[in-house]
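Below is run_24.txt, which holds compact mmCIF, C-alpha atoms and all ligand atoms.
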```txt
# COMPACT_ATOMS: atom_id res chain seq x y z
CA MET A 953 9.52 14.32 18.89
CA THR A 954 7.51 12.16 16.52
CA GLN A 955 3.96 11.73 17.68
CA ASP A 956 3.12 8.18 18.68
CA PRO A 957 0.50 7.09 16.14
CA ARG A 958 -1.45 5.25 18.82
CA GLU A 959 -1.84 8.50 20.77
CA SER A 960 -2.72 10.76 17.87
CA GLY A 961 -6.45 10.03 18.00
CA VAL A 962 -6.48 9.82 14.18
CA ARG A 963 -7.51 6.37 12.99
CA GLU A 964 -8.32 6.48 9.26
CA LEU A 965 -5.92 7.09 6.41
CA PRO A 966 -6.51 10.37 4.53
CA THR A 967 -9.30 10.16 1.98
CA GLU A 968 -8.61 10.34 -1.76
CA GLU A 969 -9.91 13.92 -1.63
CA ASP A 970 -7.53 14.81 1.23
CA LEU A 971 -4.62 13.27 -0.68
CA THR A 972 -5.46 15.08 -3.92
CA ARG A 973 -5.72 18.44 -2.13
CA ALA A 974 -2.33 17.75 -0.57
CA GLY A 975 -0.76 16.83 -3.92
CA LEU A 976 -0.17 13.25 -2.86
CA ARG A 977 -1.03 9.74 -3.99
CA LEU A 978 -0.89 6.77 -1.65
CA ALA A 979 -0.90 3.05 -2.42
CA VAL A 980 -0.69 0.52 0.40
CA GLU A 981 -0.13 -3.09 -0.55
CA GLY A 982 0.72 -5.50 2.26
CA ALA A 983 3.98 -4.46 3.91
CA VAL A 984 4.73 -1.68 1.42
CA ALA A 985 3.26 1.84 1.27
CA ARG A 986 4.10 4.05 -1.69
CA ILE A 987 3.65 7.81 -1.42
CA THR A 988 3.92 9.83 -4.61
CA ILE A 989 4.24 13.62 -4.61
CA SER A 990 1.91 14.49 -7.41
CA ARG A 991 1.61 18.10 -8.54
CA PRO A 992 3.36 17.77 -11.90
CA GLU A 993 2.12 21.15 -13.13
CA ARG A 994 4.08 22.72 -10.23
CA ARG A 995 7.05 20.36 -10.54
CA ASN A 996 5.75 18.50 -7.47
CA ALA A 997 6.11 21.58 -5.28
CA MET A 998 4.68 20.90 -1.83
CA THR A 999 2.60 22.94 0.59
CA GLY A 1000 1.95 22.86 4.32
CA ARG A 1001 -1.01 20.62 3.56
CA THR A 1002 1.33 18.15 1.87
CA TRP A 1003 3.27 17.77 5.10
CA THR A 1004 0.36 17.69 7.52
CA THR A 1005 -1.20 15.03 5.30
CA MET A 1006 2.10 13.12 5.28
CA ALA A 1007 2.00 13.22 9.09
CA HIS A 1008 -1.57 11.92 8.95
CA ILE A 1009 -0.43 9.05 6.72
CA GLY A 1010 2.28 8.20 9.23
CA GLN A 1011 -0.25 8.16 12.07
CA THR A 1012 -2.69 5.86 10.29
CA LEU A 1013 -0.63 3.42 8.23
CA PRO A 1014 -1.68 -0.18 8.88
CA SER A 1015 0.59 -1.79 11.46
CA ASP A 1016 1.78 -4.43 8.97
CA VAL A 1017 3.44 -1.78 6.77
CA ARG A 1018 7.23 -2.12 7.06
CA ILE A 1019 8.48 -0.16 4.06
CA VAL A 1020 7.53 3.33 2.86
CA VAL A 1021 8.68 4.49 -0.56
CA ILE A 1022 8.48 8.19 -1.46
CA ALA A 1023 8.81 9.26 -5.08
CA GLY A 1024 7.79 12.16 -7.28
CA GLU A 1025 5.37 12.02 -10.19
CA GLY A 1026 7.20 12.05 -13.52
CA ASP A 1027 10.79 13.12 -14.00
CA ILE A 1028 11.26 15.20 -10.83
CA PHE A 1029 11.20 14.37 -7.12
CA SER A 1030 10.09 17.81 -5.91
CA ALA A 1031 10.76 21.51 -6.55
CA GLY A 1032 10.48 22.04 -2.78
CA ILE A 1033 7.99 24.30 -1.08
CA ASP A 1034 5.38 25.88 -3.33
CA LEU A 1035 6.74 29.42 -3.48
CA ASN A 1036 3.18 30.74 -3.44
CA MET A 1037 3.13 29.77 0.25
CA PHE A 1038 5.19 32.94 0.75
CA THR A 1039 2.63 35.18 -0.98
CA PRO A 1040 -0.22 36.77 0.99
CA GLN A 1041 -2.72 34.67 -1.01
CA GLY A 1042 -1.16 31.28 -0.11
CA VAL A 1043 -2.04 28.24 -2.21
CA ASP A 1044 -5.58 27.11 -3.06
CA GLY A 1045 -7.08 28.64 0.04
CA GLU A 1046 -4.34 27.24 2.27
CA ARG A 1047 -2.92 29.53 4.92
CA SER A 1048 0.00 31.65 3.69
CA ILE A 1049 3.14 31.43 5.82
CA VAL A 1050 3.74 35.17 5.67
CA ALA A 1051 0.27 36.74 5.70
CA GLY A 1052 -0.23 36.43 9.46
CA LEU A 1053 3.25 37.79 10.14
CA ALA A 1054 2.79 40.73 7.79
CA GLU A 1055 -0.49 41.61 9.50
CA GLY A 1056 1.05 41.20 12.96
CA LYS A 1057 -1.49 38.46 13.75
CA THR A 1058 0.99 35.59 14.19
CA ASP A 1059 3.13 35.64 17.32
CA ALA A 1060 6.38 33.72 17.88
CA ALA A 1061 4.71 30.85 19.75
CA GLU A 1062 2.15 30.35 16.98
CA LEU A 1063 4.83 30.36 14.31
CA ASP A 1064 6.87 27.86 16.30
CA ALA A 1065 3.85 25.55 16.65
CA TYR A 1066 3.02 25.93 12.96
CA ILE A 1067 6.52 24.92 11.84
CA ALA A 1068 6.56 22.07 14.38
CA GLY A 1069 3.34 20.80 12.76
CA LEU A 1070 5.01 20.84 9.35
CA GLN A 1071 8.06 19.04 10.73
CA GLU A 1072 5.81 16.18 11.86
CA GLY A 1073 5.36 15.35 8.18
CA PHE A 1074 9.08 14.53 8.03
CA LEU A 1075 9.85 13.18 11.51
CA TRP A 1076 7.76 10.02 11.35
CA LEU A 1077 9.91 8.69 8.51
CA ARG A 1078 12.59 7.92 11.14
CA ARG A 1079 10.32 5.53 13.06
CA PRO A 1080 12.15 2.26 13.86
CA ASP A 1081 9.17 0.14 12.79
CA LEU A 1082 9.53 1.44 9.22
CA VAL A 1083 12.28 1.52 6.63
CA THR A 1084 11.80 4.53 4.39
CA ILE A 1085 13.15 4.89 0.88
CA ALA A 1086 13.34 8.04 -1.23
CA ALA A 1087 13.33 7.16 -4.93
CA VAL A 1088 14.75 10.28 -6.55
CA ARG A 1089 14.52 11.33 -10.17
CA GLY A 1090 15.54 14.84 -11.23
CA HIS A 1091 15.53 17.76 -8.83
CA ALA A 1092 14.98 17.41 -5.09
CA ILE A 1093 15.14 21.05 -4.02
CA GLY A 1094 14.83 22.59 -0.56
CA ALA A 1095 12.02 20.78 1.22
CA GLY A 1096 12.34 18.03 -1.40
CA PHE A 1097 15.98 17.47 -0.42
CA GLN A 1098 14.99 17.52 3.26
CA LEU A 1099 12.28 14.95 2.58
CA ALA A 1100 14.82 12.66 0.90
CA LEU A 1101 17.19 13.24 3.84
CA SER A 1102 14.43 12.12 6.23
CA CYS A 1103 14.40 8.68 4.62
CA ASP A 1104 16.65 5.79 5.63
CA LEU A 1105 17.72 5.03 2.06
CA ARG A 1106 18.04 7.29 -0.97
CA ILE A 1107 18.04 5.49 -4.30
CA LEU A 1108 18.91 7.96 -7.04
CA ALA A 1109 18.50 7.93 -10.78
CA GLU A 1110 21.56 9.30 -12.52
CA ASP A 1111 19.67 12.52 -13.34
CA ALA A 1112 19.00 13.27 -9.64
CA LYS A 1113 20.07 16.65 -8.28
CA PHE A 1114 19.91 17.74 -4.65
CA CYS A 1115 19.88 21.43 -3.73
CA MET A 1116 19.46 23.10 -0.32
CA LYS A 1117 18.00 26.28 -1.78
CA GLU A 1118 16.70 27.87 1.43
CA PRO A 1119 19.66 30.18 2.20
CA ALA A 1120 19.49 31.57 -1.35
CA LEU A 1121 15.90 32.58 -0.56
CA GLY A 1122 16.75 34.21 2.78
CA LEU A 1123 15.60 31.17 4.76
CA VAL A 1124 17.14 28.31 6.72
CA PRO A 1125 16.40 24.64 6.10
CA ASP A 1126 13.85 23.93 8.88
CA LEU A 1127 12.12 20.75 7.79
CA THR A 1128 14.34 18.36 9.78
CA GLY A 1129 17.03 18.08 7.10
CA THR A 1130 20.03 19.76 8.74
CA LYS A 1131 20.76 16.93 11.18
CA PRO A 1132 20.80 14.06 8.68
CA LEU A 1133 22.78 16.21 6.24
CA VAL A 1134 25.46 16.91 8.85
CA ASP A 1135 25.38 13.30 10.10
CA ILE A 1136 26.02 12.04 6.57
CA VAL A 1137 28.45 14.54 5.04
CA GLY A 1138 29.90 16.33 8.10
CA VAL A 1139 29.50 19.95 9.11
CA HIS A 1140 32.14 21.30 6.71
CA ARG A 1141 30.61 19.83 3.54
CA ALA A 1142 27.09 20.56 4.80
CA THR A 1143 28.05 24.21 5.27
CA GLU A 1144 29.42 24.40 1.74
CA ILE A 1145 26.37 22.68 0.22
CA CYS A 1146 23.86 24.85 2.11
CA LEU A 1147 25.64 28.19 1.88
CA THR A 1148 26.24 27.94 -1.85
CA ALA A 1149 22.79 26.42 -2.49
CA ARG A 1150 24.48 24.58 -5.34
CA LYS A 1151 23.18 21.46 -7.03
CA VAL A 1152 24.72 18.17 -5.97
CA GLY A 1153 24.42 15.56 -8.72
CA ALA A 1154 23.92 11.83 -8.39
CA GLU A 1155 27.55 10.80 -8.72
CA GLU A 1156 28.72 13.31 -6.14
CA SER A 1157 25.84 12.24 -3.89
CA ARG A 1158 27.14 8.69 -4.09
CA GLU A 1159 30.65 9.82 -3.20
CA LEU A 1160 29.36 11.84 -0.24
CA GLY A 1161 27.19 9.01 1.07
CA LEU A 1162 23.98 10.90 0.31
CA ALA A 1163 22.96 8.24 -2.20
CA THR A 1164 22.59 4.63 -1.13
CA LEU A 1165 22.67 3.66 -4.79
CA VAL A 1166 22.73 5.39 -8.18
CA VAL A 1167 21.12 3.68 -11.17
CA GLY A 1168 20.05 4.52 -14.70
CA VAL A 1169 16.77 6.39 -15.03
CA ASP A 1170 15.00 3.32 -16.43
CA GLU A 1171 16.36 1.14 -13.65
CA LEU A 1172 15.03 3.18 -10.72
CA ASP A 1173 11.78 1.27 -10.17
CA GLY A 1174 13.57 -2.08 -10.39
CA ALA A 1175 16.27 -0.95 -7.97
CA VAL A 1176 13.60 0.15 -5.47
CA ASP A 1177 11.83 -3.22 -5.84
CA ASP A 1178 15.12 -5.04 -5.26
CA ALA A 1179 15.75 -2.98 -2.13
CA ILE A 1180 12.25 -3.75 -0.87
CA ALA A 1181 12.76 -7.48 -1.45
CA GLY A 1182 16.04 -7.39 0.46
CA LEU A 1183 14.53 -5.46 3.36
CA LEU A 1184 11.51 -7.73 3.62
CA ALA A 1185 13.76 -10.80 3.76
CA VAL A 1186 15.04 -9.74 7.20
CA ASP A 1187 13.20 -10.71 10.39
CA PRO A 1188 10.72 -7.85 11.06
CA ASP A 1189 11.24 -7.62 14.82
CA ALA A 1190 15.02 -7.78 14.48
CA ALA A 1191 14.80 -5.01 11.87
CA VAL A 1192 12.90 -2.74 14.28
CA ALA A 1193 15.32 -3.43 17.13
CA THR A 1194 18.36 -2.93 14.90
CA LYS A 1195 17.15 0.38 13.45
CA ALA A 1196 16.44 1.64 16.99
CA LEU A 1197 19.93 0.55 18.03
CA LEU A 1198 21.64 2.23 15.09
CA GLN A 1199 19.73 5.45 15.67
CA GLN A 1200 21.10 5.66 19.22
CA ALA A 1201 24.69 5.04 18.16
CA VAL A 1202 25.51 8.59 17.05
CA GLY A 1203 24.57 10.15 20.38
CA ASN A 1204 25.86 7.34 22.64
CA THR A 1205 29.30 6.73 24.09
CA LEU A 1206 30.80 3.32 23.28
CA GLU A 1207 29.89 2.17 26.79
CA GLU A 1208 26.28 3.31 26.41
CA GLN A 1209 26.01 1.73 22.99
CA CYS A 1210 27.40 -1.59 24.25
CA ALA A 1211 24.79 -1.54 27.01
CA ALA A 1212 22.08 -0.78 24.44
CA GLU A 1213 23.28 -3.71 22.30
CA ARG A 1214 23.12 -6.07 25.28
CA LYS A 1215 19.62 -4.92 26.21
CA ALA A 1216 18.33 -5.20 22.65
CA GLN A 1217 19.91 -8.63 22.21
CA ALA A 1218 18.41 -9.88 25.46
CA GLY A 1219 15.03 -8.88 24.08
CA ARG A 1220 15.67 -10.65 20.79
CA LEU A 1221 16.99 -13.84 22.44
CA THR A 1222 14.02 -13.95 24.80
CA ALA A 1223 11.61 -13.57 21.89
CA LEU A 1224 13.41 -16.22 19.84
CA VAL A 1225 13.39 -18.71 22.71
CA GLU A 1226 9.70 -18.04 23.37
CA SER A 1227 8.93 -18.65 19.70
CA MET A 1228 10.62 -22.08 19.96
CA VAL A 1229 8.65 -23.23 23.00
CA PRO A 1230 5.69 -25.36 21.89
CA LYS A 1231 2.38 -23.64 22.66
CA GLY A 1232 -0.34 -25.20 24.79
N1 LIG B 1301 6.64 26.59 -6.30
C1 LIG B 1301 5.64 26.92 -7.13
N2 LIG B 1301 5.67 26.71 -8.46
C2 LIG B 1301 6.76 26.11 -8.96
C3 LIG B 1301 7.84 25.74 -8.16
C4 LIG B 1301 7.75 25.99 -6.77
N3 LIG B 1301 8.72 25.63 -5.92
N4 LIG B 1301 8.78 25.17 -8.94
C5 LIG B 1301 8.30 25.19 -10.19
N5 LIG B 1301 7.08 25.76 -10.21
C6 LIG B 1301 6.22 26.01 -11.37
C7 LIG B 1301 6.77 27.12 -12.23
O1 LIG B 1301 6.37 28.38 -11.73
C8 LIG B 1301 6.15 26.79 -13.55
O2 LIG B 1301 4.81 27.24 -13.55
P1 LIG B 1301 4.17 27.86 -14.90
O3 LIG B 1301 4.13 26.71 -15.86
O4 LIG B 1301 2.81 28.31 -14.45
O5 LIG B 1301 5.06 28.97 -15.34
C9 LIG B 1301 6.11 25.26 -13.55
O6 LIG B 1301 6.22 24.86 -12.19
C10 LIG B 1301 7.28 24.65 -14.28
O7 LIG B 1301 8.47 25.21 -13.77
P2 LIG B 1301 9.75 25.45 -14.67
O8 LIG B 1301 10.69 26.31 -13.88
O9 LIG B 1301 9.34 25.91 -16.02
O10 LIG B 1301 10.31 23.95 -14.78
P3 LIG B 1301 11.78 23.49 -15.09
O11 LIG B 1301 11.69 22.03 -15.34
O12 LIG B 1301 12.42 24.36 -16.13
O13 LIG B 1301 12.62 23.74 -13.73
C11 LIG B 1301 12.96 23.60 -11.36
C12 LIG B 1301 12.32 22.96 -12.61
C13 LIG B 1301 14.49 23.51 -11.47
C14 LIG B 1301 12.49 22.78 -10.17
C15 LIG B 1301 12.55 25.08 -11.25
O14 LIG B 1301 11.15 25.17 -11.47
C16 LIG B 1301 12.86 25.73 -9.93
O15 LIG B 1301 14.01 26.07 -9.65
N6 LIG B 1301 11.81 25.92 -9.09
C17 LIG B 1301 11.93 26.66 -7.85
C18 LIG B 1301 12.65 25.84 -6.79
C19 LIG B 1301 12.64 26.53 -5.44
O16 LIG B 1301 13.19 27.61 -5.27
N7 LIG B 1301 12.00 25.88 -4.43
C20 LIG B 1301 11.93 26.38 -3.09
C21 LIG B 1301 13.13 25.86 -2.28
S1 LIG B 1301 13.09 26.35 -0.58
C22 LIG B 1301 12.14 25.20 0.20
O17 LIG B 1301 11.72 24.20 -0.36
C23 LIG B 1301 11.79 25.42 1.69
```

Would you mind writing the file out in structure tokens?
Amino acid sequence: MTQDPRESGVRELPTEEDLTRAGLRLAVEGAVARITISRPERRNAMTGRTWTTMAHIGQTLPSDVRIVVIAGEGDIFSAGIDLNMFTPQGVDGERSIVAGLAEGKTDAAELDAYIAGLQEGFLWLRRPDLVTIAAVRGHAIGAGFQLALSCDLRILAEDAKFCMKEPALGLVPDLTGTKPLVDIVGVHRATEICLTARKVGAEESRELGLATLVVGVDELDGAVDDAIAGLLAVDPDAAVATKALLQQAVGNTLEEQCAAERKAQAGRLTALVESMVPKG
């Protein structure tokens, strides 16, 4: 499961050099962190380093950050994994996914641990103390689609296109995207989307519930700012407790969920009463 940032041992945000090597930009301003996937010459394709650096960001964000926005540089969200990761050379000196396997040097346990490390770059976006927003222009392919699926909200420009390309390449989607996809659209539609690897446009995404909102291309930044303002207007502690409660709902029976609601509300009421008692 997602590593607890307090137990990770990592304390500092990635340096500018780390971010650049990972194809990322990061801007933290008060309660809002903005991550931009920035490799425009590769259509914002991402590498393993992108995701381990994303995990590092998650582990070291200041505790007052409540909102994380992920966008792509320019007119595309992301072309997914950098396909050079599947060549023996890898990308810019970064380990190739296939070289070790081809040479018989990577065993099953190592491969499992390697992929788990990449998944950490996606898992932290579910943390209850954060609300995460994918701001999507243009293509979000493969790992790009899975990254958007890892966010709580997906605000799409009308030119957005999702595509789960992995099966067309002989792969499965393994970057934490299959569960949210099935949770949102159901297993039948998810099967059709994945096994055809077709592009799902913005309007269809809205109909399927994949898009929280679809706006004109020029309105995307404003729509994200409006969403941020709305989210920040809610009590921060109630927001954390509510997100945690909603996340349990899918796996809980009604009885279990009612019990979880009572427990969470007892915590909120206690905190509210304590905040009303004069100090001293
Ligand atoms: N990995 C590496 N390089 C890429 C990738 C990628 N995923 N996507 C695009 N590029 C490079 C191209 O090779 C090209 O490089 P060049 O200028 O040196 O020739 C440059 O980015 C521009 O790409 P174009 O294809 O010319 O851009 P266009 O705007 O026409 O198309 C699109 C964009 C649709 C994203 C297309 O590039 C594409 O389909 N890319 C591959 C998508 C893919 O299969 N991703 C992997 C999915 S599986 C997963 O993510 C786990």

Legend entry - atom CA of Leu1123 of chain A to atom CA of Ile1049 of chain A, distance in Å rounded to a single decimal: 12.5 Å

Legend entry - 7 Å shell around ligand LIG 1301 (chain B) using only C-alpha atoms and all ligand atoms, listed as a ChimeraX atom specification: /A:993-995,997,1030-1036,1091,1093-1096,1117-1118,1121,1125

Near segment 1007-1025 of chain A, 8 Å: segment 963-1000 of chain A residue rows, closest pairs, only C-alpha atoms, as a Markdown table:
```
| residue | atom | partner | partner_atom | distance |
| --- | --- | --- | --- | --- |
| A:Arg963 | CA | A:Thr1012 | CA | 5.5 |
| A:Glu964 | CA | A:Thr1012 | CA | 5.8 |
| A:Leu965 | CA | A:Thr1012 | CA | 5.2 |
| A:Pro966 | CA | A:Ile1009 | CA | 6.6 |
| A:Val980 | CA | A:Val1017 | CA | 7.9 |
| A:Gly982 | CA | A:Val1017 | CA | 6.4 |
| A:Ala983 | CA | A:Val1017 | CA | 4.0 |
| A:Val984 | CA | A:Ile1019 | CA | 4.8 |
| A:Ala985 | CA | A:Val1020 | CA | 4.8 |
| A:Arg986 | CA | A:Val1021 | CA | 4.7 |
| A:Ile987 | CA | A:Ile1022 | CA | 4.8 |
| A:Thr988 | CA | A:Ala1023 | CA | 4.9 |
| A:Ile989 | CA | A:Gly1024 | CA | 4.7 |
| A:Ser990 | CA | A:Glu1025 | CA | 5.1 |
| A:Arg991 | CA | A:Glu1025 | CA | 7.3 |
| A:Pro992 | CA | A:Glu1025 | CA | 6.3 |
| A:Asn996 | CA | A:Gly1024 | CA | 6.7 |
```

Inset, instruction - State, in Å with one decimal place, the distance from atom CA of Gln1217 of chain A to atom CA of Ala1193 of chain A. - result: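 The value is 8.6 Å.
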
Inset, instruction - Tell me which of A:Leu1147, A:Gln1098, A:Ala1051, A:Ala1142 sits closest to Gly1129 of chain A, counting only C-alpha atoms. - result: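 Looking only at the distances to Gly1129 of chain A, the closest residue turns out to be A:Gln1098.
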
Legend entry - Using all atoms listed in the file: which of A:Ile1180, A:Thr999, A:Ala1185, A:Phe1097 has the shortest distance to Ala1149 of chain A: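 The answer is A:Phe1097, which sits nearest to Ala1149 of chain A.
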
Legend entry - Thr1005 of chain A environment, 9 Å, only C-alpha atoms, sequence neighbours closer than 5 positions dropped, as a PyMOL selection string: chain A and resi 966+970-971+974+976+1000+1010+1073

Inset, instruction - Excluding Glu1171 of chain A and residues on its chain fewer than 2 positions from it, collect all residues at most 12 Å away from it, counting only C-alpha atoms, and give them as a list in words. - result: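 That gives Ala1087, Val1088, Arg1089, Ile1107, Leu1108, Ala1109, Glu1110, Asp1111, Leu1165, Val1166, Val1167, Gly1168, Val1169, Asp1173, Gly1174, Ala1175, Val1176, Asp1177 and Asp1178 of chain A.
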
Legend entry - atom CA of Leu1133 of chain A to atom CA of Phe1029 of chain A, distance in Å rounded to a single decimal: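 So the answer is 17.8 Å.
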
Inset, instruction - Can you work out which one of A:Ala1211, A:Ala1190, A:Ala1092, A:Ala1068 has the shortest atom-to-atom distance to Val1152 of chain A, counting only C-alpha atoms? - result: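 Looking only at the distances to Val1152 of chain A, the closest residue turns out to be A:Ala1092.
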
Legend entry - Residue with smallest distance to Gln1199 of chain A - pool A:Asp1104, A:Glu1159, A:Glu1226, A:Asp1044, counting all atoms listed in the file: A:Asp1104

Inset, instruction - Find the residues near Arg1220 of chain A: any atom within 12 Å, counting all atoms listed in the file, skip ones fewer than 3 places away on the same chain, and give them as a PyMOL selection string. - result: chain A and resi 1187-1194+1213-1217+1223-1227

Inset, instruction - Could you tell me which of A:Thr1058, A:Ser1102, A:Ser1048, A:Gln1209 comes closest to Arg1078 of chain A if we count all atoms listed in the file? - result: A:Ser1102
